[in-house]
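Next comes protein_29.pdb, a file with PDB, C-alpha atoms and all ligand atoms.
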```pdb
ATOM      1  CA  MET C   1      23.301  19.876   5.083
ATOM      2  CA  THR C   2      22.169  16.506   3.699
ATOM      3  CA  THR C   3      24.351  14.362   1.445
ATOM      4  CA  LEU C   4      21.295  12.447   0.258
ATOM      5  CA  PRO C   5      20.013  13.208  -3.247
ATOM      6  CA  SER C   6      17.094  15.593  -3.607
ATOM      7  CA  VAL C   7      13.858  14.079  -4.874
ATOM      8  CA  LEU C   8      11.642  15.721  -7.494
ATOM      9  CA  ILE C   9       8.061  14.478  -7.210
ATOM     10  CA  THR C  10       5.371  15.289  -9.765
ATOM     11  CA  GLY C  11       1.762  15.390  -8.643
ATOM     12  CA  ALA C  12       2.906  16.127  -5.098
ATOM     13  CA  SER C  13      -0.052  18.326  -4.179
ATOM     14  CA  SER C  14      -2.291  15.391  -3.211
ATOM     15  CA  GLY C  15      -2.762  11.641  -2.933
ATOM     16  CA  ILE C  16       0.127   9.291  -3.667
ATOM     17  CA  GLY C  17       2.578  12.081  -4.572
ATOM     18  CA  ALA C  18       1.984  13.950  -1.303
ATOM     19  CA  VAL C  19       2.676  10.761   0.681
ATOM     20  CA  TYR C  20       5.889  10.146  -1.299
ATOM     21  CA  ALA C  21       6.893  13.695  -0.339
ATOM     22  CA  LYS C  22       6.253  12.980   3.342
ATOM     23  CA  ARG C  23       8.157   9.696   3.273
ATOM     24  CA  PHE C  24      11.218  11.022   1.440
ATOM     25  CA  ALA C  25      11.274  14.073   3.746
ATOM     26  CA  SER C  26      11.156  11.779   6.783
ATOM     27  CA  ARG C  27      14.173   9.932   5.315
ATOM     28  CA  GLY C  28      16.031  13.260   5.222
ATOM     29  CA  HIS C  29      15.865  14.047   1.493
ATOM     30  CA  ASP C  30      15.437  17.589   0.241
ATOM     31  CA  LEU C  31      12.498  17.875  -2.152
ATOM     32  CA  VAL C  32      11.249  19.636  -5.239
ATOM     33  CA  LEU C  33       7.458  19.448  -5.409
ATOM     34  CA  VAL C  34       5.658  19.801  -8.752
ATOM     35  CA  ALA C  35       1.926  20.167  -9.491
ATOM     36  CA  ARG C  36      -0.432  22.913 -10.620
ATOM     37  CA  ASP C  37      -1.856  23.893  -7.230
ATOM     38  CA  GLN C  38       0.817  26.196  -5.847
ATOM     39  CA  ALA C  39      -1.004  26.909  -2.586
ATOM     40  CA  ARG C  40      -1.333  23.218  -1.701
ATOM     41  CA  LEU C  41       2.287  22.578  -2.615
ATOM     42  CA  GLN C  42       3.410  25.497  -0.469
ATOM     43  CA  THR C  43       1.390  24.340   2.541
ATOM     44  CA  LEU C  44       2.899  20.852   2.264
ATOM     45  CA  ALA C  45       6.398  22.249   1.714
ATOM     46  CA  THR C  46       6.212  24.467   4.782
ATOM     47  CA  ALA C  47       4.964  21.610   6.970
ATOM     48  CA  LEU C  48       7.614  19.145   5.739
ATOM     49  CA  ALA C  49      10.464  21.634   6.062
ATOM     50  CA  ARG C  50       9.413  22.412   9.617
ATOM     51  CA  THR C  51       8.850  18.803  10.700
ATOM     52  CA  HIS C  52      11.850  17.170   9.047
ATOM     53  CA  GLN C  53      14.371  20.045   8.724
ATOM     54  CA  VAL C  54      14.756  19.468   4.981
ATOM     55  CA  ALA C  55      14.766  22.009   2.147
ATOM     56  CA  VAL C  56      11.581  21.860   0.102
ATOM     57  CA  ASP C  57      11.198  23.821  -3.134
ATOM     58  CA  VAL C  58       7.892  24.316  -4.860
ATOM     59  CA  LEU C  59       7.867  24.278  -8.656
ATOM     60  CA  PRO C  60       4.307  24.875  -9.863
ATOM     61  CA  ALA C  61       3.721  23.597 -13.381
ATOM     62  CA  ASP C  62       0.977  22.248 -15.584
ATOM     63  CA  LEU C  63       2.850  19.350 -17.157
ATOM     64  CA  THR C  64       0.467  19.261 -20.126
ATOM     65  CA  ILE C  65       1.612  22.752 -21.156
ATOM     66  CA  HIS C  66       4.871  22.375 -23.033
ATOM     67  CA  GLN C  67       6.432  25.612 -21.763
ATOM     68  CA  GLU C  68       5.728  24.674 -18.152
ATOM     69  CA  LEU C  69       6.927  21.112 -18.723
ATOM     70  CA  ALA C  70      10.127  22.591 -20.166
ATOM     71  CA  THR C  71      10.722  24.491 -16.904
ATOM     72  CA  VAL C  72      10.677  21.221 -14.972
ATOM     73  CA  GLU C  73      12.908  19.565 -17.584
ATOM     74  CA  ASP C  74      15.397  22.427 -17.208
ATOM     75  CA  ARG C  75      15.408  21.959 -13.443
ATOM     76  CA  LEU C  76      16.072  18.221 -13.816
ATOM     77  CA  ARG C  77      18.921  18.879 -16.244
ATOM     78  CA  SER C  78      20.598  21.647 -14.293
ATOM     79  CA  ASP C  79      20.049  20.874 -10.601
ATOM     80  CA  ARG C  80      22.754  18.341  -9.839
ATOM     81  CA  ARG C  81      21.384  17.740  -6.349
ATOM     82  CA  ILE C  82      18.299  15.993  -7.783
ATOM     83  CA  GLY C  83      19.078  12.279  -7.896
ATOM     84  CA  ILE C  84      15.607  10.765  -7.688
ATOM     85  CA  LEU C  85      12.616  11.498  -9.939
ATOM     86  CA  VAL C  86       9.156  10.288  -8.931
ATOM     87  CA  ASN C  87       6.954  10.419 -12.042
ATOM     88  CA  ASN C  88       3.635  10.284 -10.225
ATOM     89  CA  ALA C  89       1.341  12.953 -11.743
ATOM     90  CA  GLY C  90      -1.441  11.269 -13.656
ATOM     91  CA  LEU C  91      -4.980  11.779 -14.838
ATOM     92  CA  PRO C  92      -7.740   9.161 -14.826
ATOM     93  CA  GLN C  93     -10.234   8.480 -17.576
ATOM     94  CA  ALA C  94     -13.802   9.618 -17.113
ATOM     95  CA  GLY C  95     -16.256   7.624 -19.226
ATOM     96  CA  GLY C  96     -15.611   5.000 -21.869
ATOM     97  CA  PHE C  97     -13.653   5.346 -25.104
ATOM     98  CA  LEU C  98     -16.667   6.708 -26.996
ATOM     99  CA  GLN C  99     -16.952   9.518 -24.464
ATOM    100  CA  GLN C 100     -13.400  10.816 -24.979
ATOM    101  CA  ASP C 101     -12.937  14.078 -26.867
ATOM    102  CA  THR C 102      -9.775  15.243 -28.598
ATOM    103  CA  ALA C 103      -8.799  17.731 -25.887
ATOM    104  CA  GLY C 104      -9.277  15.098 -23.189
ATOM    105  CA  ILE C 105      -7.260  12.506 -25.122
ATOM    106  CA  ASP C 106      -4.435  15.016 -25.590
ATOM    107  CA  ARG C 107      -4.494  15.893 -21.884
ATOM    108  CA  LEU C 108      -4.436  12.282 -20.702
ATOM    109  CA  ILE C 109      -1.656  11.233 -23.068
ATOM    110  CA  GLY C 110       0.142  14.528 -22.480
ATOM    111  CA  LEU C 111       0.357  13.975 -18.728
ATOM    112  CA  ASN C 112       0.477  10.182 -18.366
ATOM    113  CA  ILE C 113       2.842   9.543 -21.280
ATOM    114  CA  THR C 114       4.513  12.637 -22.737
ATOM    115  CA  ALA C 115       5.377  14.433 -19.504
ATOM    116  CA  LEU C 116       6.568  11.247 -17.786
ATOM    117  CA  THR C 117       8.758  10.360 -20.758
ATOM    118  CA  ARG C 118      10.198  13.835 -21.234
ATOM    119  CA  LEU C 119      11.031  14.215 -17.554
ATOM    120  CA  SER C 120      12.744  10.812 -17.574
ATOM    121  CA  ALA C 121      14.685  11.843 -20.664
ATOM    122  CA  ALA C 122      15.655  15.136 -19.020
ATOM    123  CA  ILE C 123      17.241  13.561 -15.952
ATOM    124  CA  ALA C 124      18.574  10.283 -17.383
ATOM    125  CA  PRO C 125      21.758  11.580 -19.096
ATOM    126  CA  ARG C 126      22.915  13.327 -15.925
ATOM    127  CA  LEU C 127      22.216  10.257 -13.768
ATOM    128  CA  ALA C 128      23.945   7.992 -16.307
ATOM    129  CA  GLU C 129      26.987  10.248 -16.225
ATOM    130  CA  ALA C 130      27.003  10.157 -12.427
ATOM    131  CA  GLY C 131      26.416   6.380 -12.411
ATOM    132  CA  THR C 132      23.760   6.688  -9.732
ATOM    133  CA  GLY C 133      20.176   7.806  -9.156
ATOM    134  CA  ALA C 134      16.644   6.530  -9.523
ATOM    135  CA  ILE C 135      13.451   7.020 -11.491
ATOM    136  CA  ILE C 136      10.182   5.819  -9.975
ATOM    137  CA  ASN C 137       7.282   5.634 -12.436
ATOM    138  CA  ILE C 138       3.740   5.248 -11.139
ATOM    139  CA  GLY C 139       1.780   2.947 -13.430
ATOM    140  CA  SER C 140      -1.371   1.022 -12.557
ATOM    141  CA  VAL C 141      -2.670  -2.543 -12.598
ATOM    142  CA  VAL C 142      -5.166  -1.117 -15.099
ATOM    143  CA  GLY C 143      -2.237  -1.253 -17.532
ATOM    144  CA  LEU C 144      -2.473  -5.047 -17.314
ATOM    145  CA  ALA C 145      -6.237  -5.167 -17.618
ATOM    146  CA  PRO C 146      -8.032  -4.261 -20.886
ATOM    147  CA  GLU C 147     -11.061  -5.861 -19.223
ATOM    148  CA  PHE C 148     -11.463  -2.943 -16.797
ATOM    149  CA  GLY C 149     -13.153  -0.635 -19.323
ATOM    150  CA  MET C 150     -10.588   2.158 -18.911
ATOM    151  CA  THR C 151      -8.943   1.574 -22.267
ATOM    152  CA  LEU C 152      -7.206   4.885 -22.827
ATOM    153  CA  TYR C 153      -6.008   5.259 -19.234
ATOM    154  CA  GLY C 154      -4.957   1.596 -19.148
ATOM    155  CA  ALA C 155      -3.029   1.994 -22.392
ATOM    156  CA  THR C 156      -1.093   4.928 -20.923
ATOM    157  CA  LYS C 157      -0.249   2.802 -17.893
ATOM    158  CA  ALA C 158       0.813  -0.147 -20.082
ATOM    159  CA  TYR C 159       3.173   2.361 -21.719
ATOM    160  CA  VAL C 160       4.536   3.341 -18.300
ATOM    161  CA  LEU C 161       5.312  -0.305 -17.542
ATOM    162  CA  LEU C 162       7.010  -0.985 -20.875
ATOM    163  CA  LEU C 163       8.964   2.270 -20.751
ATOM    164  CA  SER C 164      10.157   1.414 -17.245
ATOM    165  CA  GLN C 165      11.167  -2.109 -18.250
ATOM    166  CA  GLY C 166      13.034  -0.774 -21.276
ATOM    167  CA  LEU C 167      14.788   1.826 -19.142
ATOM    168  CA  GLN C 168      15.774  -0.929 -16.692
ATOM    169  CA  GLN C 169      17.484  -2.713 -19.577
ATOM    170  CA  GLU C 170      19.178   0.416 -20.903
ATOM    171  CA  LEU C 171      19.949   2.418 -17.799
ATOM    172  CA  GLY C 172      20.208  -0.260 -15.095
ATOM    173  CA  PRO C 173      23.736  -1.204 -16.214
ATOM    174  CA  LYS C 174      24.660   2.492 -15.991
ATOM    175  CA  GLY C 175      23.817   2.550 -12.285
ATOM    176  CA  ILE C 176      20.314   4.039 -12.493
ATOM    177  CA  GLN C 177      17.594   2.317 -10.490
ATOM    178  CA  ILE C 178      14.262   2.174 -12.330
ATOM    179  CA  GLN C 179      11.100   1.131 -10.527
ATOM    180  CA  ALA C 180       7.609   0.802 -11.959
ATOM    181  CA  VAL C 181       4.938   0.882  -9.249
ATOM    182  CA  LEU C 182       1.549  -0.585 -10.131
ATOM    183  CA  PRO C 183      -1.101   0.355  -7.567
ATOM    184  CA  ALA C 184      -4.668  -0.907  -7.751
ATOM    185  CA  ALA C 185      -7.564   1.069  -6.283
ATOM    186  CA  THR C 186      -6.133   3.492  -3.738
ATOM    187  CA  ARG C 187      -8.069   6.060  -1.712
ATOM    188  CA  THR C 188      -7.237   9.420  -3.346
ATOM    189  CA  ALA C 189      -8.979  12.254  -5.168
ATOM    190  CA  ILE C 190      -8.414  10.524  -8.521
ATOM    191  CA  TRP C 191     -11.725   8.662  -8.243
ATOM    192  CA  ASP C 192     -13.666  11.881  -8.083
ATOM    193  CA  LYS C 193     -11.821  13.083 -11.199
ATOM    194  CA  ALA C 194     -12.790   9.828 -12.939
ATOM    195  CA  GLY C 195     -16.430  10.470 -12.042
ATOM    196  CA  ILE C 196     -16.525   7.400  -9.789
ATOM    197  CA  ASP C 197     -18.011   7.571  -6.295
ATOM    198  CA  ILE C 198     -15.230   6.225  -4.080
ATOM    199  CA  ASP C 199     -17.828   4.813  -1.705
ATOM    200  CA  THR C 200     -18.874   2.367  -4.440
ATOM    201  CA  VAL C 201     -15.347   0.922  -4.613
ATOM    202  CA  THR C 202     -15.463  -2.014  -2.245
ATOM    203  CA  ASP C 203     -11.782  -2.983  -1.966
ATOM    204  CA  ILE C 204      -9.518   0.003  -1.672
ATOM    205  CA  MET C 205      -6.046   0.513  -0.230
ATOM    206  CA  GLU C 206      -5.206   3.460   1.989
ATOM    207  CA  VAL C 207      -2.642   5.710   0.366
ATOM    208  CA  ASP C 208      -0.093   5.458   3.215
ATOM    209  CA  GLU C 209      -0.102   1.664   2.968
ATOM    210  CA  LEU C 210       0.360   1.855  -0.803
ATOM    211  CA  VAL C 211       3.358   4.191  -0.651
ATOM    212  CA  ASP C 212       4.990   2.367   2.267
ATOM    213  CA  ALA C 213       4.757  -0.911   0.335
ATOM    214  CA  ALA C 214       6.099   0.752  -2.821
ATOM    215  CA  LEU C 215       9.077   2.032  -0.825
ATOM    216  CA  VAL C 216       9.773  -1.477   0.510
ATOM    217  CA  GLY C 217      10.005  -2.522  -3.148
ATOM    218  CA  PHE C 218      12.212   0.505  -3.893
ATOM    219  CA  ASP C 219      14.599  -0.320  -1.061
ATOM    220  CA  ARG C 220      14.814  -3.894  -2.403
ATOM    221  CA  HIS C 221      15.608  -2.521  -5.873
ATOM    222  CA  GLU C 222      12.574  -4.266  -7.351
ATOM    223  CA  PRO C 223      12.098  -3.306 -11.014
ATOM    224  CA  VAL C 224       8.332  -3.772 -10.781
ATOM    225  CA  THR C 225       6.394  -3.385  -7.538
ATOM    226  CA  ILE C 226       2.718  -4.319  -7.354
ATOM    227  CA  PRO C 227       1.671  -3.651  -3.752
ATOM    228  CA  PRO C 228      -1.804  -5.253  -4.000
ATOM    229  CA  LEU C 229      -0.515  -8.458  -5.679
ATOM    230  CA  GLN C 230      -0.671 -11.073  -2.927
ATOM    231  CA  ASP C 231       1.386 -13.802  -4.611
ATOM    232  CA  ALA C 232       4.478 -12.578  -6.464
ATOM    233  CA  ALA C 233       4.566 -15.919  -8.321
ATOM    234  CA  HIS C 234       1.796 -14.593 -10.595
ATOM    235  CA  TRP C 235       3.971 -11.732 -11.823
ATOM    236  CA  ASN C 236       6.927 -14.089 -12.252
ATOM    237  CA  ALA C 237       4.766 -16.507 -14.269
ATOM    238  CA  LEU C 238       3.596 -13.680 -16.551
ATOM    239  CA  ASP C 239       7.171 -12.599 -17.171
ATOM    240  CA  THR C 240       8.300 -16.184 -17.767
ATOM    241  CA  ALA C 241       5.469 -16.680 -20.295
ATOM    242  CA  ARG C 242       6.450 -13.442 -22.042
ATOM    243  CA  LEU C 243      10.058 -14.564 -22.386
ATOM    244  CA  ALA C 244       8.937 -18.003 -23.626
ATOM    245  CA  LEU C 245       6.803 -16.257 -26.287
ATOM    246  CA  LEU C 246       9.795 -14.195 -27.420
ATOM    247  CA  GLY C 247      11.860 -17.384 -27.641
ATOM    248  CA  ASP C 248       9.236 -18.950 -29.913
ATOM    249  CA  LEU C 249       9.319 -16.192 -32.545
ATOM    250  CA  ASP C 250      10.705 -17.213 -35.927
ATOM    251  CA  GLN C 251      11.273 -13.953 -37.760
ATOM    252  CA  SER C 252      11.925 -15.593 -41.132
ATOM    253  CA  HIS C 253       8.751 -17.683 -41.496
ATOM    254  CA  ALA C 254       5.086 -17.329 -40.684
ATOM    255  CA  ALA C 255       3.733 -19.920 -38.294
ATOM    256  CA  GLN C 256       2.304 -23.075 -39.864
ATOM    257  CA  ARG C 257      -1.257 -22.031 -38.941
ATOM    258  CA  TYR C 258      -1.004 -18.995 -41.247
ATOM    259  CA  ARG C 259       0.368 -20.860 -44.292
ATOM    260  CA  SER C 260      -2.133 -21.500 -47.065
ATOM    261  CA  ALA C 261      -3.260 -25.097 -47.534
ATOM    262  CA  SER C 262      -2.494 -25.077 -51.312
TER
HETATM  263  N1  LIG C 301      -5.570   6.268  -6.713
HETATM  264  C1  LIG C 301      -5.588   5.150  -7.415
HETATM  265  O1  LIG C 301      -6.510   4.319  -7.286
HETATM  266  C2  LIG C 301      -4.505   4.856  -8.362
HETATM  267  C3  LIG C 301      -3.643   5.831  -8.835
HETATM  268  N2  LIG C 301      -2.674   5.524  -9.733
HETATM  269  C4  LIG C 301      -1.768   6.544 -10.253
HETATM  270  O2  LIG C 301      -1.166   7.234  -9.184
HETATM  271  C5  LIG C 301      -0.764   8.520  -9.601
HETATM  272  C6  LIG C 301      -1.182   9.540  -8.571
HETATM  273  O3  LIG C 301      -2.587   9.581  -8.526
HETATM  274  P1  LIG C 301      -3.424   9.822  -7.196
HETATM  275  O4  LIG C 301      -2.549  10.266  -6.108
HETATM  276  O5  LIG C 301      -4.282   8.667  -7.007
HETATM  277  O6  LIG C 301      -4.370  10.993  -7.700
HETATM  278  P2  LIG C 301      -4.587  12.506  -7.276
HETATM  279  O7  LIG C 301      -5.649  13.003  -8.191
HETATM  280  O8  LIG C 301      -4.772  12.622  -5.808
HETATM  281  O9  LIG C 301      -3.192  13.174  -7.617
HETATM  282  C7  LIG C 301      -2.824  13.495  -8.922
HETATM  283  C8  LIG C 301      -1.690  14.505  -8.837
HETATM  284  O10 LIG C 301      -1.318  14.861 -10.171
HETATM  285  C9  LIG C 301      -1.319  16.292 -10.257
HETATM  286  N3  LIG C 301      -1.670  16.716 -11.604
HETATM  287  C10 LIG C 301      -2.848  16.504 -12.257
HETATM  288  N4  LIG C 301      -2.823  17.090 -13.441
HETATM  289  C11 LIG C 301      -1.617  17.717 -13.555
HETATM  290  C12 LIG C 301      -0.992  18.493 -14.544
HETATM  291  N5  LIG C 301      -1.624  18.806 -15.695
HETATM  292  N6  LIG C 301       0.255  18.972 -14.321
HETATM  293  C13 LIG C 301       0.883  18.696 -13.170
HETATM  294  N7  LIG C 301       0.366  17.949 -12.189
HETATM  295  C14 LIG C 301      -0.880  17.472 -12.381
HETATM  296  C15 LIG C 301      -2.347  16.757  -9.244
HETATM  297  O11 LIG C 301      -2.054  18.065  -8.764
HETATM  298  P3  LIG C 301      -2.680  19.439  -9.296
HETATM  299  O12 LIG C 301      -4.148  19.226  -9.485
HETATM  300  O13 LIG C 301      -2.319  20.407  -8.218
HETATM  301  O14 LIG C 301      -1.964  19.740 -10.565
HETATM  302  C16 LIG C 301      -2.103  15.775  -8.114
HETATM  303  O15 LIG C 301      -1.038  16.214  -7.304
HETATM  304  C17 LIG C 301      -1.392   8.718 -10.987
HETATM  305  O16 LIG C 301      -0.401   8.520 -11.972
HETATM  306  C18 LIG C 301      -2.439   7.625 -11.062
HETATM  307  O17 LIG C 301      -2.695   7.228 -12.377
HETATM  308  C19 LIG C 301      -2.503   4.246 -10.179
HETATM  309  C20 LIG C 301      -3.331   3.247  -9.764
HETATM  310  C21 LIG C 301      -4.377   3.468  -8.807
HETATM  311  C1  LIG C 302      -9.343   5.634 -11.141
HETATM  312  C2  LIG C 302      -8.424   4.588 -11.588
HETATM  313  O1  LIG C 302      -8.594   4.020 -12.610
HETATM  314  C3  LIG C 302      -7.251   4.321 -10.742
HETATM  315  N1  LIG C 302      -6.432   5.425 -10.854
HETATM  316  C4  LIG C 302      -6.470   3.072 -11.116
HETATM  317  O2  LIG C 302      -5.467   3.181 -11.815
HETATM  318  O3  LIG C 302      -6.884   1.987 -10.654
END
```

Do you think you could lay out the structure here as structure tokens?
Amino acid sequence: MTTLPSVLITGASSGIGAVYAKRFASRGHDLVLVARDQARLQTLATALARTHQVAVDVLPADLTIHQELATVEDRLRSDRRIGILVNNAGLPQAGGFLQQDTAGIDRLIGLNITALTRLSAAIAPRLAEAGTGAIINIGSVVGLAPEFGMTLYGATKAYVLLLSQGLQQELGPKGIQIQAVLPAATRTAIWDKAGIDIDTVTDIMEVDELVDAALVGFDRHEPVTIPPLQDAAHWNALDTARLALLGDLDQSHAAQRYRSAS
């Protein structure tokens, strides 16, 4: 029996989540796999259990349906073996902002924001009490790039980054490791769901390379890991500029440029 924490991975039926499942299984962690496609989850679970001699549970759930989300929250609250949550399930945006309908907006925000937040909130108190554990949130470089024309999706990923950074501040001192992972274009089924022909994407990372790099960042306890970013100095400069901006805020007076001339 393993003494390592179990890992609950959302969106484990394909792409990035399925590779996280393989990697954590190969490290000897028991798993709980969440997604809608029970058959795919079961096939993966059987293969991983056989290959790595770990226990793999399948917990099918549509995380945009509140009752099904609640089942996963209950599992995170009650199963004390689960010490790592990988918030990976996510939907892309098909079309521009004018093409979004209300049901689609609800679904995208429901999965990319609400489910990720509620699952984090479900596990965090138990991890804080234990003084150990980790939450990995999968964001996207699109969350840094309003220029990419995926405004709604990008906004959900900007939320993932800010939530993760806030949780680092709040929960880091309580012993919980928080990592935001920001992939760029990665070869998975998400492109098809976004209505984009993957063959038209010229620079694309293979999913194994993406997850292996993200896990290097995890093992180094990086708060933010951006596998495709070649020079980490760019991220550091952005963060330094952000802190300088905060230091320049005067809450009591408007800046001179906004004061009337009279
Ligand atoms: N691939 C890329 O280029 C990039 C991806 N990302 C992010 O990586 C994460 C994983 O995406 P990726 O692996 O690429 O895409 P995939 O489409 O391959 O995987 C998405 C996963 O989410 C699950 N999922 C979708 N909808 C729901 C739902 N309603 N409830 C529960 N699970 C759901 C899917 O399973 P099922 O259908 O069985 O429910 C699937 O396992 C996402 O958050 C995405 O935004 C970030 C940057 C780049
Ligand atoms: C299809 C996409 O937008 C991709 N998931 C990304 O985040 O780059």

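When all atoms listed in the file are used to measure the gap to ligand LIG 302 (chain C), the shortest distance among C:Leu163, C:Ile109, C:Val32, C:Ala94 belongs to C:Ala94.
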
Could you give me, as a count of residues only, every polymer residue with an atom at most 6 Å away from an atom of ligand LIG 301 (chain C), counting all atoms listed in the file? 30

Write out as a PyMOL selection string which residues come within 12 Å of C:Thr200 when counting all atoms listed in the file, dropping same-chain ones fewer than 3 positions away. chain C and resi 185+187+191-192+195-197+203-204

Just the number, please: distance in Å from atom CA of C:Arg40 to atom CA of C:Arg126, one decimal. 29.8 Å

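The nearest approach to C:Pro173 among the residues C:Ala47, C:Ile65, C:Ala214, C:Leu127, with only C-alpha atoms taken into account, belongs to C:Leu127.
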
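Atom pair atom CA of C:Gly154 / atom CA of C:Leu215 has a distance of 23.1 Å (rounded to one decimal).
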
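Of note, atom CA of C:Leu108 and atom CA of C:Asn137 are spaced 15.8 Å apart.
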
Enumerate, as a ChimeraX atom specification, the residues matched when the PyMOL selection byres (((chain C and resi 172) around 12) and not hetatm) is run on the file above. /C:124,127-128,131-135,164-171,173-179,221-223

So which one's closest to C:Pro125, C:His66, C:Lys157, C:Arg27, C:Arg77? Using only C-alpha atoms, please. C:Arg77

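Nearest to ligand LIG 302 (chain C) of all the residues C:His253, C:Lys193, C:Arg220, C:Arg242 is C:Lys193, based on all atoms listed in the file.
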
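Using all atoms listed in the file, the shortest contact distance between C:Leu48 and any of C:Val72, C:Val181, C:Ala103, C:Leu33 is found at C:Leu33.
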
Take the PyMOL selection byres (((chain C and resi 143) around 8) and not hetatm), run it mentally on this structure, and tell me the resulting residues as number ranges by chain. C: 139-142, 144-146, 153-159, 161

Just the selected residues (C-alpha atoms), exported as an mmCIF file, in the coordinates of the input, please.
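To be explicit, this is the file written out as out-v6.cif:
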```cif
data_model
loop_
_atom_site.group_PDB
_atom_site.id
_atom_site.type_symbol
_atom_site.label_atom_id
_atom_site.label_comp_id
_atom_site.auth_asym_id
_atom_site.auth_seq_id
_atom_site.Cartn_x
_atom_site.Cartn_y
_atom_site.Cartn_z
ATOM 1 C CA GLY C 139 1.780 2.947 -13.430
ATOM 2 C CA SER C 140 -1.371 1.022 -12.557
ATOM 3 C CA VAL C 141 -2.670 -2.543 -12.598
ATOM 4 C CA VAL C 142 -5.166 -1.117 -15.099
ATOM 5 C CA LEU C 144 -2.473 -5.047 -17.314
ATOM 6 C CA ALA C 145 -6.237 -5.167 -17.618
ATOM 7 C CA PRO C 146 -8.032 -4.261 -20.886
ATOM 8 C CA TYR C 153 -6.008 5.259 -19.234
ATOM 9 C CA GLY C 154 -4.957 1.596 -19.148
ATOM 10 C CA ALA C 155 -3.029 1.994 -22.392
ATOM 11 C CA THR C 156 -1.093 4.928 -20.923
ATOM 12 C CA LYS C 157 -0.249 2.802 -17.893
ATOM 13 C CA ALA C 158 0.813 -0.147 -20.082
ATOM 14 C CA TYR C 159 3.173 2.361 -21.719
ATOM 15 C CA LEU C 161 5.312 -0.305 -17.542
#
```

If the box runs along x, y and z of the file and leaves 8 Å on each side of ligand LIG 302 (chain C), what are its centre and edge lengths in Å, one decimal, as lines of an AutoDock Vina configuration file?
```
center_x = -7.4
center_y = 3.8
center_z = -11.6
size_x = 19.9
size_y = 19.6
size_z = 18.0
```

Nearest to C:Ala70, restricted to only C-alpha atoms and choosing among C:Ala122, C:Val54, C:Ala39, C:Val86, comes out as C:Ala122

At a cut-off of 9 Å around the point (6.5, 9.8, -0.9) (file coordinates), what residues fall inside when counting all atoms listed in the file? I'd like the answer as a count of residues only. 17

Taking the file as shown, find all residues satisfying the PyMOL selection byres (((chain C and resi 115-118) around 8) and not hetatm) and write them as an mmCIF file with C-alpha atoms, keeping the file's coordinate frame.
```cif
data_model
loop_
_atom_site.group_PDB
_atom_site.id
_atom_site.type_symbol
_atom_site.label_atom_id
_atom_site.label_comp_id
_atom_site.auth_asym_id
_atom_site.auth_seq_id
_atom_site.Cartn_x
_atom_site.Cartn_y
_atom_site.Cartn_z
ATOM 1 C CA LEU C 63 2.850 19.350 -17.157
ATOM 2 C CA THR C 64 0.467 19.261 -20.126
ATOM 3 C CA LEU C 69 6.927 21.112 -18.723
ATOM 4 C CA GLU C 73 12.908 19.565 -17.584
ATOM 5 C CA ASN C 87 6.954 10.419 -12.042
ATOM 6 C CA GLY C 110 0.142 14.528 -22.480
ATOM 7 C CA LEU C 111 0.357 13.975 -18.728
ATOM 8 C CA ASN C 112 0.477 10.182 -18.366
ATOM 9 C CA ILE C 113 2.842 9.543 -21.280
ATOM 10 C CA THR C 114 4.513 12.637 -22.737
ATOM 11 C CA LEU C 119 11.031 14.215 -17.554
ATOM 12 C CA SER C 120 12.744 10.812 -17.574
ATOM 13 C CA ALA C 121 14.685 11.843 -20.664
ATOM 14 C CA ALA C 122 15.655 15.136 -19.020
ATOM 15 C CA ASN C 137 7.282 5.634 -12.436
#
```

Since the input lacks atoms, please generate N, CA and C atoms for stretch 235-243 of chain C and provide them as a short mmCIF file (atom, residue, chain, number, x, y, z; two decimals), keeping the file's coordinate frame.
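Once written, rebuild.cif looks like this:
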```
data_model
loop_
_atom_site.label_atom_id
_atom_site.label_comp_id
_atom_site.auth_asym_id
_atom_site.auth_seq_id
_atom_site.Cartn_x
_atom_site.Cartn_y
_atom_site.Cartn_z
N TRP C 235 3.19 -12.66 -10.97
CA TRP C 235 3.97 -11.73 -11.82
C TRP C 235 5.12 -12.49 -12.48
N ASN C 236 5.79 -13.34 -11.71
CA ASN C 236 6.93 -14.09 -12.25
C ASN C 236 6.47 -15.00 -13.39
N ALA C 237 5.28 -15.60 -13.23
CA ALA C 237 4.77 -16.51 -14.27
C ALA C 237 4.47 -15.72 -15.55
N LEU C 238 3.90 -14.52 -15.39
CA LEU C 238 3.60 -13.68 -16.55
C LEU C 238 4.89 -13.33 -17.30
N ASP C 239 5.90 -12.98 -16.56
CA ASP C 239 7.17 -12.60 -17.17
C ASP C 239 7.84 -13.81 -17.83
N THR C 240 7.73 -14.96 -17.19
CA THR C 240 8.30 -16.18 -17.77
C THR C 240 7.58 -16.53 -19.07
N ALA C 241 6.25 -16.39 -19.08
CA ALA C 241 5.47 -16.68 -20.30
C ALA C 241 5.84 -15.71 -21.41
N ARG C 242 6.05 -14.46 -21.04
CA ARG C 242 6.45 -13.44 -22.04
C ARG C 242 7.79 -13.82 -22.68
N LEU C 243 8.74 -14.21 -21.86
CA LEU C 243 10.06 -14.56 -22.39
C LEU C 243 9.98 -15.83 -23.24
#
```
